[in-house]
Structures are given as structure tokens and as C-alpha cells.
Amino acid sequence: MDQFAARLPVYTLARMLAVPEKDHPSFARHVLQMSRFFSPSFTDGDLQTCTAAAESLYAYLEEMLHERRQRPRDDVLSDLLTAAADEGVLSEREVVAQVVQLIVGGTESVRAAIVAQTYLLLLNRNQWKAVCDFPELVPAAVTEAMRFEPGIAGVVRVAVEAIDLDEVTIPAASLVVLSTMSAMRDEHVYAQPDVFDIHREQASGLHSVFGVGAHRCVADALARAELEECLQVLTRRLPQLRLEEIPVLKGYMFTRDPTSMCVSWPT
């Protein structure tokens, strides 16, 4: 996890946002420290570190956006500023917030998802071999792994009005926890939901692990790309990868926190 799953999404984002290479270590440190806030193992003792990391990251991104405004480039941050100016709906602070949301969505849950998809395929050796032999199966394998062991356990929403659901009324202004883990194992949607099968006929529509509606995860496309590229590389370069330690994914709220995981391969 520390040497691969945690690093890959952070450094992918650093390159995508055109963070200078000399700043990669500090950028990665701030992102990983800030992301602790969404971990199920978060404690009050982590709050000061998370807050300081978030403040440093915001300040760094604001500086980068100011530089892009003065000297636009062919990169994501320049495109965001142009779009915000054209639409006239986002302030500079809101643009920074969107970038931070992209960072959070494209790192912490992806770390858990990389661990999950790797160990699930290695436990189901025939399916691992199928992906190694037929790279076109990678998107289906990623989708099924996200369904079976989602990196996001659940999200919190506020009921803006009273909702009647299965003879129960959820009062207005109530906090509601929507369980991604439960939704992804819904027997009314998925046949044999407790079976990991990359060959299953996928349910139609958008993958609800990223949420739905106006608050759908801004990192949807980025997370998918990271997971697919990760699996492409592992199956192509290390087809004889072996699972040495089965991880456990903990947490029932926000992102999930995998325990340690080790793999090996012949040299």
C-alpha cells in the first residue's frame, strides 16, 4: 500500500496538475496528510495535522492558479480558470475547492480500490489470468472490483424534506448515511451479488459507487483512468504476481482503510 497504491494516484495528480517535480514530495505529503480526515481510523489527534496540510495545499494551489492567470499554459488548471471565467459562476476560491475535491476523490478512495481490485483478482486466479491474456477485460474487472469492494463505504446526505421510504419517514433536516457497500450488493440489481465475477453482465447506467446527481464525485473519470492504467501495468509486467497477505478493508463511512497487503513475483 505504501510503496504502490498510495503513491500512484498522488503522483498522477501531481503530473496532471503540472506540479513542478521539485515540489512532488511536499505535494504528496500534504495530500496524504489531508486525506487522513476521510479515513475510518481518523482520530482527534489527527485533526491538527490534517488542518495544517489542507491549509498548505490550498495556499499552494492558489499560488499556482495566480501564476496560471498571469501566464496560461496548456494544462488542467489553465483550462479550469478559462472555463470559470467563461461561465462566470465560480470564484477563484471555488475553483481551488474544486481542485481539492478532485485531489481527494482521486487519491484516498483510489488507494483502497487499487488494493481491492488487485487482491480480488489474485484470489480468483482464473480471472487474473483472463485479464492478463485479454487486456480488453480491464474495464470490466475494474468495474466489478469497485462493485464488490468499493473504495468508498458510504456518503452522508441531508434530507431537505421529509421522505417516505418503505413505510418509514425520514424527517426533514436528518442526516442520512447512504451505504455504497450495501447498494453494490443489492440482489434486486445484481445476480449473485456476493460472487466476484468480472464476466458478469453489468447493470446499466452509471456506477453508483461515485454517487449520482448534482453531487456525483468530480473524480469519477480520473479514478477510473487511474484504476485501469494500474491494472494494465500490473497484468502486463507482472503476470506471475502472487498474493502473500490478504488485506481487510475497514470502515463504513467515507473512504475505506485497507490493512497491510504484500505481494511477490519470481525474479
# chains A, B, ... in the order shown; residues from 1 in each chain; ligands from 1

$ select_by_dssp --residues "region 61-240 of chain A" --states "alpha helix (DSSP H)" --output "mmCIF file with N, CA and C atoms, in the first residue's frame"
data_model
loop_
_atom_site.group_PDB
_atom_site.id
_atom_site.type_symbol
_atom_site.label_atom_id
_atom_site.label_comp_id
_atom_site.auth_asym_id
_atom_site.auth_seq_id
_atom_site.Cartn_x
_atom_site.Cartn_y
_atom_site.Cartn_z
ATOM 1 N N LEU A 61 -2.087 25.768 -4.107
ATOM 2 C CA LEU A 61 -2.928 25.771 -5.299
ATOM 3 C C LEU A 61 -3.329 27.189 -5.693
ATOM 4 N N GLU A 62 -3.605 28.037 -4.707
ATOM 5 C CA GLU A 62 -3.938 29.430 -5.012
ATOM 6 C C GLU A 62 -2.759 30.126 -5.697
ATOM 7 N N GLU A 63 -1.558 29.826 -5.243
ATOM 8 C CA GLU A 63 -0.363 30.400 -5.870
ATOM 9 C C GLU A 63 -0.217 29.911 -7.305
ATOM 10 N N MET A 64 -0.472 28.611 -7.529
ATOM 11 C CA MET A 64 -0.388 28.064 -8.879
ATOM 12 C C MET A 64 -1.437 28.684 -9.800
ATOM 13 N N LEU A 65 -2.664 28.854 -9.277
ATOM 14 C CA LEU A 65 -3.729 29.449 -10.087
ATOM 15 C C LEU A 65 -3.417 30.908 -10.414
ATOM 16 N N HIS A 66 -2.848 31.626 -9.456
ATOM 17 C CA HIS A 66 -2.449 33.020 -9.720
ATOM 18 C C HIS A 66 -1.407 33.062 -10.832
ATOM 19 N N GLU A 67 -0.466 32.145 -10.796
ATOM 20 C CA GLU A 67 0.572 32.091 -11.837
ATOM 21 C C GLU A 67 -0.038 31.743 -13.198
ATOM 22 N N ARG A 68 -1.025 30.833 -13.213
ATOM 23 C CA ARG A 68 -1.680 30.461 -14.480
ATOM 24 C C ARG A 68 -2.501 31.625 -15.038
ATOM 25 N N ARG A 69 -3.064 32.420 -14.159
ATOM 26 C CA ARG A 69 -3.838 33.563 -14.634
ATOM 27 C C ARG A 69 -2.920 34.576 -15.326
ATOM 28 N N GLN A 70 -1.708 34.707 -14.793
ATOM 29 C CA GLN A 70 -0.758 35.632 -15.405
ATOM 30 C C GLN A 70 -0.155 35.060 -16.679
ATOM 31 N N VAL A 76 -4.468 21.556 -17.063
ATOM 32 C CA VAL A 76 -5.777 21.470 -16.425
ATOM 33 C C VAL A 76 -6.136 22.750 -15.673
ATOM 34 N N LEU A 77 -5.203 23.287 -14.907
ATOM 35 C CA LEU A 77 -5.504 24.470 -14.112
ATOM 36 C C LEU A 77 -5.863 25.663 -14.993
ATOM 37 N N SER A 78 -5.144 25.846 -16.089
ATOM 38 C CA SER A 78 -5.454 26.941 -17.014
ATOM 39 C C SER A 78 -6.836 26.744 -17.632
ATOM 40 N N ASP A 79 -7.151 25.507 -17.975
ATOM 41 C CA ASP A 79 -8.471 25.213 -18.553
ATOM 42 C C ASP A 79 -9.584 25.494 -17.551
ATOM 43 N N LEU A 80 -9.361 25.142 -16.276
ATOM 44 C CA LEU A 80 -10.363 25.407 -15.245
ATOM 45 C C LEU A 80 -10.602 26.909 -15.084
ATOM 46 N N LEU A 81 -9.540 27.686 -15.062
ATOM 47 C CA LEU A 81 -9.671 29.135 -14.930
ATOM 48 C C LEU A 81 -10.414 29.722 -16.123
ATOM 49 N N THR A 82 -10.114 29.234 -17.323
ATOM 50 C CA THR A 82 -10.789 29.725 -18.521
ATOM 51 C C THR A 82 -12.270 29.399 -18.474
ATOM 52 N N ALA A 83 -12.581 28.158 -18.098
ATOM 53 C CA ALA A 83 -13.983 27.742 -18.015
ATOM 54 C C ALA A 83 -14.734 28.544 -16.966
ATOM 55 N N ALA A 84 -14.091 28.774 -15.811
ATOM 56 C CA ALA A 84 -14.735 29.539 -14.742
ATOM 57 C C ALA A 84 -15.008 30.971 -15.182
ATOM 58 N N ALA A 85 -14.060 31.562 -15.917
ATOM 59 C CA ALA A 85 -14.233 32.929 -16.399
ATOM 60 C C ALA A 85 -15.337 32.999 -17.444
ATOM 61 N N ASP A 86 -15.372 32.000 -18.336
ATOM 62 C CA ASP A 86 -16.392 31.996 -19.392
ATOM 63 C C ASP A 86 -17.796 31.814 -18.823
ATOM 64 N N GLU A 87 -17.904 30.925 -17.823
ATOM 65 C CA GLU A 87 -19.218 30.645 -17.242
ATOM 66 C C GLU A 87 -19.625 31.710 -16.221
ATOM 67 N N GLU A 92 -12.449 32.357 -7.627
ATOM 68 C CA GLU A 92 -11.149 31.690 -7.598
ATOM 69 C C GLU A 92 -11.077 30.696 -6.442
ATOM 70 N N ARG A 93 -11.637 31.083 -5.294
ATOM 71 C CA ARG A 93 -11.636 30.185 -4.139
ATOM 72 C C ARG A 93 -12.427 28.922 -4.448
ATOM 73 N N GLU A 94 -13.517 29.060 -5.189
ATOM 74 C CA GLU A 94 -14.328 27.899 -5.548
ATOM 75 C C GLU A 94 -13.603 27.006 -6.558
ATOM 76 N N VAL A 95 -12.815 27.611 -7.428
ATOM 77 C CA VAL A 95 -12.001 26.812 -8.347
ATOM 78 C C VAL A 95 -11.002 25.977 -7.560
ATOM 79 N N VAL A 96 -10.369 26.592 -6.558
ATOM 80 C CA VAL A 96 -9.437 25.856 -5.699
ATOM 81 C C VAL A 96 -10.154 24.706 -5.007
ATOM 82 N N ALA A 97 -11.362 24.971 -4.511
ATOM 83 C CA ALA A 97 -12.136 23.926 -3.825
ATOM 84 C C ALA A 97 -12.443 22.763 -4.763
ATOM 85 N N GLN A 98 -12.735 23.066 -6.020
ATOM 86 C CA GLN A 98 -12.994 22.007 -6.996
ATOM 87 C C GLN A 98 -11.741 21.151 -7.227
ATOM 88 N N VAL A 99 -10.588 21.814 -7.293
ATOM 89 C CA VAL A 99 -9.332 21.074 -7.478
ATOM 90 C C VAL A 99 -9.058 20.189 -6.271
ATOM 91 N N VAL A 100 -9.324 20.711 -5.073
ATOM 92 C CA VAL A 100 -9.116 19.919 -3.859
ATOM 93 C C VAL A 100 -10.064 18.715 -3.852
ATOM 94 N N GLN A 101 -11.309 18.921 -4.269
ATOM 95 C CA GLN A 101 -12.248 17.803 -4.361
ATOM 96 C C GLN A 101 -11.741 16.751 -5.342
ATOM 97 N N LEU A 102 -11.169 17.206 -6.457
ATOM 98 C CA LEU A 102 -10.598 16.279 -7.437
ATOM 99 C C LEU A 102 -9.443 15.499 -6.816
ATOM 100 N N ILE A 103 -8.621 16.184 -6.030
ATOM 101 C CA ILE A 103 -7.488 15.528 -5.368
ATOM 102 C C ILE A 103 -7.970 14.485 -4.374
ATOM 103 N N VAL A 104 -8.947 14.854 -3.535
ATOM 104 C CA VAL A 104 -9.462 13.915 -2.537
ATOM 105 C C VAL A 104 -10.108 12.710 -3.219
ATOM 106 N N GLY A 105 -10.957 12.977 -4.216
ATOM 107 C CA GLY A 105 -11.647 11.885 -4.910
ATOM 108 C C GLY A 105 -10.718 11.009 -5.720
ATOM 109 N N GLU A 108 -7.534 9.065 -2.093
ATOM 110 C CA GLU A 108 -7.776 8.188 -0.946
ATOM 111 C C GLU A 108 -8.638 6.979 -1.308
ATOM 112 N N SER A 109 -9.761 7.196 -1.980
ATOM 113 C CA SER A 109 -10.612 6.060 -2.346
ATOM 114 C C SER A 109 -9.949 5.202 -3.413
ATOM 115 N N VAL A 110 -9.128 5.828 -4.274
ATOM 116 C CA VAL A 110 -8.425 5.074 -5.313
ATOM 117 C C VAL A 110 -7.380 4.152 -4.688
ATOM 118 N N ARG A 111 -6.726 4.624 -3.641
ATOM 119 C CA ARG A 111 -5.753 3.787 -2.930
ATOM 120 C C ARG A 111 -6.417 2.497 -2.460
ATOM 121 N N ALA A 112 -7.582 2.622 -1.824
ATOM 122 C CA ALA A 112 -8.305 1.438 -1.357
ATOM 123 C C ALA A 112 -8.759 0.572 -2.527
ATOM 124 N N ALA A 113 -9.184 1.212 -3.618
ATOM 125 C CA ALA A 113 -9.679 0.464 -4.771
ATOM 126 C C ALA A 113 -8.558 -0.295 -5.484
ATOM 127 N N ILE A 114 -7.351 0.281 -5.521
ATOM 128 C CA ILE A 114 -6.208 -0.428 -6.112
ATOM 129 C C ILE A 114 -5.920 -1.698 -5.326
ATOM 130 N N VAL A 115 -5.916 -1.567 -3.997
ATOM 131 C CA VAL A 115 -5.703 -2.735 -3.145
ATOM 132 C C VAL A 115 -6.791 -3.776 -3.392
ATOM 133 N N ALA A 116 -8.054 -3.324 -3.421
ATOM 134 C CA ALA A 116 -9.182 -4.247 -3.562
ATOM 135 C C ALA A 116 -9.144 -4.993 -4.892
ATOM 136 N N GLN A 117 -8.970 -4.274 -5.996
ATOM 137 C CA GLN A 117 -9.026 -4.951 -7.287
ATOM 138 C C GLN A 117 -7.852 -5.911 -7.471
ATOM 139 N N THR A 118 -6.708 -5.575 -6.893
ATOM 140 C CA THR A 118 -5.545 -6.448 -7.026
ATOM 141 C C THR A 118 -5.730 -7.739 -6.237
ATOM 142 N N TYR A 119 -6.154 -7.614 -4.980
ATOM 143 C CA TYR A 119 -6.274 -8.827 -4.179
ATOM 144 C C TYR A 119 -7.447 -9.692 -4.628
ATOM 145 N N LEU A 120 -8.528 -9.085 -5.102
ATOM 146 C CA LEU A 120 -9.680 -9.870 -5.579
ATOM 147 C C LEU A 120 -9.314 -10.703 -6.801
ATOM 148 N N LEU A 121 -8.586 -10.104 -7.717
ATOM 149 C CA LEU A 121 -8.181 -10.839 -8.914
ATOM 150 C C LEU A 121 -7.158 -11.925 -8.583
ATOM 151 N N LEU A 122 -6.230 -11.616 -7.666
ATOM 152 C CA LEU A 122 -5.224 -12.612 -7.299
ATOM 153 C C LEU A 122 -5.841 -13.770 -6.513
ATOM 154 N N LEU A 123 -6.911 -13.506 -5.774
ATOM 155 C CA LEU A 123 -7.621 -14.591 -5.092
ATOM 156 C C LEU A 123 -8.392 -15.463 -6.075
ATOM 157 N N ARG A 125 -7.767 -16.688 -9.305
ATOM 158 C CA ARG A 125 -6.638 -16.794 -10.227
ATOM 159 C C ARG A 125 -7.053 -16.898 -11.695
ATOM 160 N N ASN A 126 -8.157 -17.599 -11.969
ATOM 161 C CA ASN A 126 -8.606 -17.725 -13.353
ATOM 162 C C ASN A 126 -8.988 -16.370 -13.938
ATOM 163 N N GLN A 127 -9.565 -15.507 -13.104
ATOM 164 C CA GLN A 127 -9.953 -14.187 -13.590
ATOM 165 C C GLN A 127 -8.719 -13.294 -13.764
ATOM 166 N N TRP A 128 -7.739 -13.442 -12.882
ATOM 167 C CA TRP A 128 -6.470 -12.720 -13.069
ATOM 168 C C TRP A 128 -5.828 -13.117 -14.394
ATOM 169 N N LYS A 129 -5.784 -14.412 -14.664
ATOM 170 C CA LYS A 129 -5.182 -14.891 -15.915
ATOM 171 C C LYS A 129 -5.959 -14.373 -17.123
ATOM 172 N N ALA A 130 -7.279 -14.323 -16.998
ATOM 173 C CA ALA A 130 -8.092 -13.835 -18.108
ATOM 174 C C ALA A 130 -7.753 -12.382 -18.432
ATOM 175 N N VAL A 131 -7.563 -11.556 -17.392
ATOM 176 C CA VAL A 131 -7.213 -10.155 -17.628
ATOM 177 C C VAL A 131 -5.805 -10.043 -18.202
ATOM 178 N N CYS A 132 -4.880 -10.916 -17.743
ATOM 179 C CA CYS A 132 -3.515 -10.913 -18.291
ATOM 180 C C CYS A 132 -3.538 -11.272 -19.783
ATOM 181 N N ASP A 133 -4.358 -12.247 -20.138
ATOM 182 C CA ASP A 133 -4.410 -12.725 -21.528
ATOM 183 C C ASP A 133 -5.230 -11.819 -22.432
ATOM 184 N N VAL A 138 -9.920 -5.358 -18.847
ATOM 185 C CA VAL A 138 -9.540 -4.481 -17.736
ATOM 186 C C VAL A 138 -10.695 -3.596 -17.264
ATOM 187 N N PRO A 139 -11.410 -2.869 -18.155
ATOM 188 C CA PRO A 139 -12.510 -2.023 -17.656
ATOM 189 C C PRO A 139 -13.571 -2.809 -16.890
ATOM 190 N N ALA A 140 -13.912 -4.005 -17.384
ATOM 191 C CA ALA A 140 -14.916 -4.826 -16.690
ATOM 192 C C ALA A 140 -14.397 -5.284 -15.333
ATOM 193 N N ALA A 141 -13.107 -5.622 -15.256
ATOM 194 C CA ALA A 141 -12.521 -6.050 -13.984
ATOM 195 C C ALA A 141 -12.526 -4.914 -12.966
ATOM 196 N N VAL A 142 -12.198 -3.703 -13.409
ATOM 197 C CA VAL A 142 -12.214 -2.542 -12.527
ATOM 198 C C VAL A 142 -13.636 -2.266 -12.030
ATOM 199 N N THR A 143 -14.594 -2.325 -12.939
ATOM 200 C CA THR A 143 -15.990 -2.065 -12.562
ATOM 201 C C THR A 143 -16.495 -3.085 -11.555
ATOM 202 N N GLU A 144 -16.182 -4.361 -11.772
ATOM 203 C CA GLU A 144 -16.641 -5.398 -10.858
ATOM 204 C C GLU A 144 -15.953 -5.300 -9.510
ATOM 205 N N ALA A 145 -14.673 -4.960 -9.501
ATOM 206 C CA ALA A 145 -13.968 -4.806 -8.225
ATOM 207 C C ALA A 145 -14.539 -3.638 -7.429
ATOM 208 N N MET A 146 -14.869 -2.536 -8.100
ATOM 209 C CA MET A 146 -15.472 -1.407 -7.404
ATOM 210 C C MET A 146 -16.851 -1.778 -6.856
ATOM 211 N N ARG A 147 -17.552 -2.650 -7.556
ATOM 212 C CA ARG A 147 -18.851 -3.100 -7.060
ATOM 213 C C ARG A 147 -18.690 -3.994 -5.840
ATOM 214 N N PHE A 148 -17.777 -4.949 -5.940
ATOM 215 C CA PHE A 148 -17.634 -5.967 -4.903
ATOM 216 C C PHE A 148 -16.996 -5.423 -3.632
ATOM 217 N N THR A 180 -22.801 2.700 0.233
ATOM 218 C CA THR A 180 -22.340 2.215 -1.068
ATOM 219 C C THR A 180 -22.155 0.703 -1.039
ATOM 220 N N MET A 181 -21.621 0.201 0.055
ATOM 221 C CA MET A 181 -21.358 -1.235 0.168
ATOM 222 C C MET A 181 -22.645 -2.041 0.052
ATOM 223 N N SER A 182 -23.702 -1.559 0.640
ATOM 224 C CA SER A 182 -24.982 -2.249 0.553
ATOM 225 C C SER A 182 -25.558 -2.151 -0.855
ATOM 226 N N ALA A 183 -25.505 -0.958 -1.440
ATOM 227 C CA ALA A 183 -26.067 -0.763 -2.782
ATOM 228 C C ALA A 183 -25.387 -1.651 -3.818
ATOM 229 N N ASP A 220 -14.725 11.008 -10.848
ATOM 230 C CA ASP A 220 -15.210 9.775 -11.466
ATOM 231 C C ASP A 220 -14.286 9.312 -12.594
ATOM 232 N N ALA A 221 -14.146 10.110 -13.635
ATOM 233 C CA ALA A 221 -13.351 9.714 -14.802
ATOM 234 C C ALA A 221 -11.884 9.522 -14.441
ATOM 235 N N LEU A 222 -11.358 10.393 -13.562
ATOM 236 C CA LEU A 222 -9.960 10.285 -13.147
ATOM 237 C C LEU A 222 -9.717 8.979 -12.401
ATOM 238 N N ALA A 223 -10.589 8.650 -11.460
ATOM 239 C CA ALA A 223 -10.420 7.423 -10.676
ATOM 240 C C ALA A 223 -10.451 6.190 -11.575
ATOM 241 N N ARG A 224 -11.384 6.152 -12.504
ATOM 242 C CA ARG A 224 -11.457 5.019 -13.433
ATOM 243 C C ARG A 224 -10.164 4.889 -14.243
ATOM 244 N N ALA A 225 -9.676 6.023 -14.744
ATOM 245 C CA ALA A 225 -8.453 6.005 -15.547
ATOM 246 C C ALA A 225 -7.272 5.499 -14.723
ATOM 247 N N GLU A 226 -7.160 5.964 -13.483
ATOM 248 C CA GLU A 226 -6.060 5.529 -12.619
ATOM 249 C C GLU A 226 -6.139 4.021 -12.358
ATOM 250 N N LEU A 227 -7.346 3.530 -12.057
ATOM 251 C CA LEU A 227 -7.518 2.112 -11.749
ATOM 252 C C LEU A 227 -7.253 1.239 -12.971
ATOM 253 N N GLU A 228 -7.711 1.675 -14.123
ATOM 254 C CA GLU A 228 -7.497 0.886 -15.338
ATOM 255 C C GLU A 228 -6.030 0.870 -15.747
ATOM 256 N N GLU A 229 -5.370 2.019 -15.661
ATOM 257 C CA GLU A 229 -3.946 2.064 -16.012
ATOM 258 C C GLU A 229 -3.130 1.215 -15.044
ATOM 259 N N CYS A 230 -3.475 1.282 -13.769
ATOM 260 C CA CYS A 230 -2.779 0.483 -12.756
ATOM 261 C C CYS A 230 -2.883 -1.005 -13.076
ATOM 262 N N LEU A 231 -4.093 -1.461 -13.372
ATOM 263 C CA LEU A 231 -4.296 -2.886 -13.653
ATOM 264 C C LEU A 231 -3.634 -3.289 -14.961
ATOM 265 N N GLN A 232 -3.664 -2.413 -15.958
ATOM 266 C CA GLN A 232 -2.982 -2.694 -17.224
ATOM 267 C C GLN A 232 -1.499 -2.955 -16.988
ATOM 268 N N VAL A 233 -0.877 -2.101 -16.187
ATOM 269 C CA VAL A 233 0.562 -2.219 -15.946
ATOM 270 C C VAL A 233 0.886 -3.497 -15.169
ATOM 271 N N LEU A 234 0.132 -3.774 -14.111
ATOM 272 C CA LEU A 234 0.409 -4.954 -13.289
ATOM 273 C C LEU A 234 0.247 -6.248 -14.090
ATOM 274 N N THR A 235 -0.829 -6.359 -14.841
ATOM 275 C CA THR A 235 -1.075 -7.602 -15.577
ATOM 276 C C THR A 235 -0.111 -7.771 -16.744
ATOM 277 N N ARG A 236 0.366 -6.672 -17.304
ATOM 278 C CA ARG A 236 1.304 -6.772 -18.424
ATOM 279 C C ARG A 236 2.725 -7.064 -17.951
ATOM 280 N N ARG A 237 3.147 -6.396 -16.875
ATOM 281 C CA ARG A 237 4.540 -6.503 -16.442
ATOM 282 C C ARG A 237 4.770 -7.587 -15.393
#

$ atom_distance --atom1 "CA of Phe38 (chain A)" --atom2 "CA of Thr255 (chain A)"
6.0 Å

$ atom_distance --atom1 "CA of Gly45 (chain A)" --atom2 "CA of Gly151 (chain A)"
24.0 Å

$ select_by_dssp --residues "region 109-224 of chain A" --states "strand (DSSP E or B)" --output "list in words"
Ile152, Ala153, Gly154, Val155, Val156, Arg157, Val158, Ile163, Asp164, Leu165, Val168, Thr169, Ile170, Leu175, Val176, Val177, Leu178 and Ser179 of chain A

$ atom_distance --atom1 "CA of Leu137 (chain A)" --atom2 "CA of Pro150 (chain A)"
18.7 Å

$ residues_around --residues "Asp194 (chain A)" --least-positions-apart "2" --cutoff "7 Å" --atoms "only C-alpha atoms" --output "number ranges by chain"
A: 185, 192, 196

$ write_last_selection --atoms "N, CA, C and O atoms" --output "mmCIF file, in the first residue's frame"
data_model
loop_
_atom_site.group_PDB
_atom_site.id
_atom_site.type_symbol
_atom_site.label_atom_id
_atom_site.label_comp_id
_atom_site.auth_asym_id
_atom_site.auth_seq_id
_atom_site.Cartn_x
_atom_site.Cartn_y
_atom_site.Cartn_z
ATOM 1 N N ARG A 185 -24.264 -4.537 -3.425
ATOM 2 C CA ARG A 185 -24.606 -5.956 -3.244
ATOM 3 C C ARG A 185 -26.132 -6.149 -3.274
ATOM 4 O O ARG A 185 -26.648 -7.126 -2.731
ATOM 5 N N GLN A 192 -26.481 -12.954 -8.070
ATOM 6 C CA GLN A 192 -25.422 -13.476 -7.192
ATOM 7 C C GLN A 192 -24.476 -12.343 -6.758
ATOM 8 O O GLN A 192 -23.290 -12.347 -7.080
ATOM 9 N N PHE A 196 -17.740 -12.572 -6.849
ATOM 10 C CA PHE A 196 -16.888 -11.693 -7.653
ATOM 11 C C PHE A 196 -16.749 -12.304 -9.042
ATOM 12 O O PHE A 196 -16.230 -13.409 -9.197
#

$ residues_around --residues "Glu55 (chain A)" --least-positions-apart "3" --cutoff "12 Å" --atoms "only C-alpha atoms" --output "compact mmCIF listing (two decimals) with C-alpha atoms, in the first residue's frame"
# COMPACT_ATOMS: atom_id res chain seq x y z
CA HIS A 30 0.22 17.41 2.14
CA VAL A 31 -2.30 15.38 0.12
CA GLN A 33 -1.91 14.06 5.47
CA MET A 34 -5.07 15.95 4.49
CA GLN A 48 -4.28 19.50 13.66
CA THR A 49 -2.07 17.72 11.12
CA CYS A 50 -4.95 17.40 8.61
CA THR A 51 -5.91 21.05 9.00
CA ALA A 52 -2.34 22.29 8.56
CA TYR A 58 -4.94 25.47 -0.51
CA ALA A 59 -2.22 28.13 -0.35
CA TYR A 60 -0.05 26.23 -2.83
CA LEU A 61 -2.93 25.77 -5.30
CA GLU A 62 -3.94 29.43 -5.01
CA VAL A 96 -9.44 25.86 -5.70
CA ALA A 97 -12.14 23.93 -3.83
CA VAL A 100 -9.12 19.92 -3.86
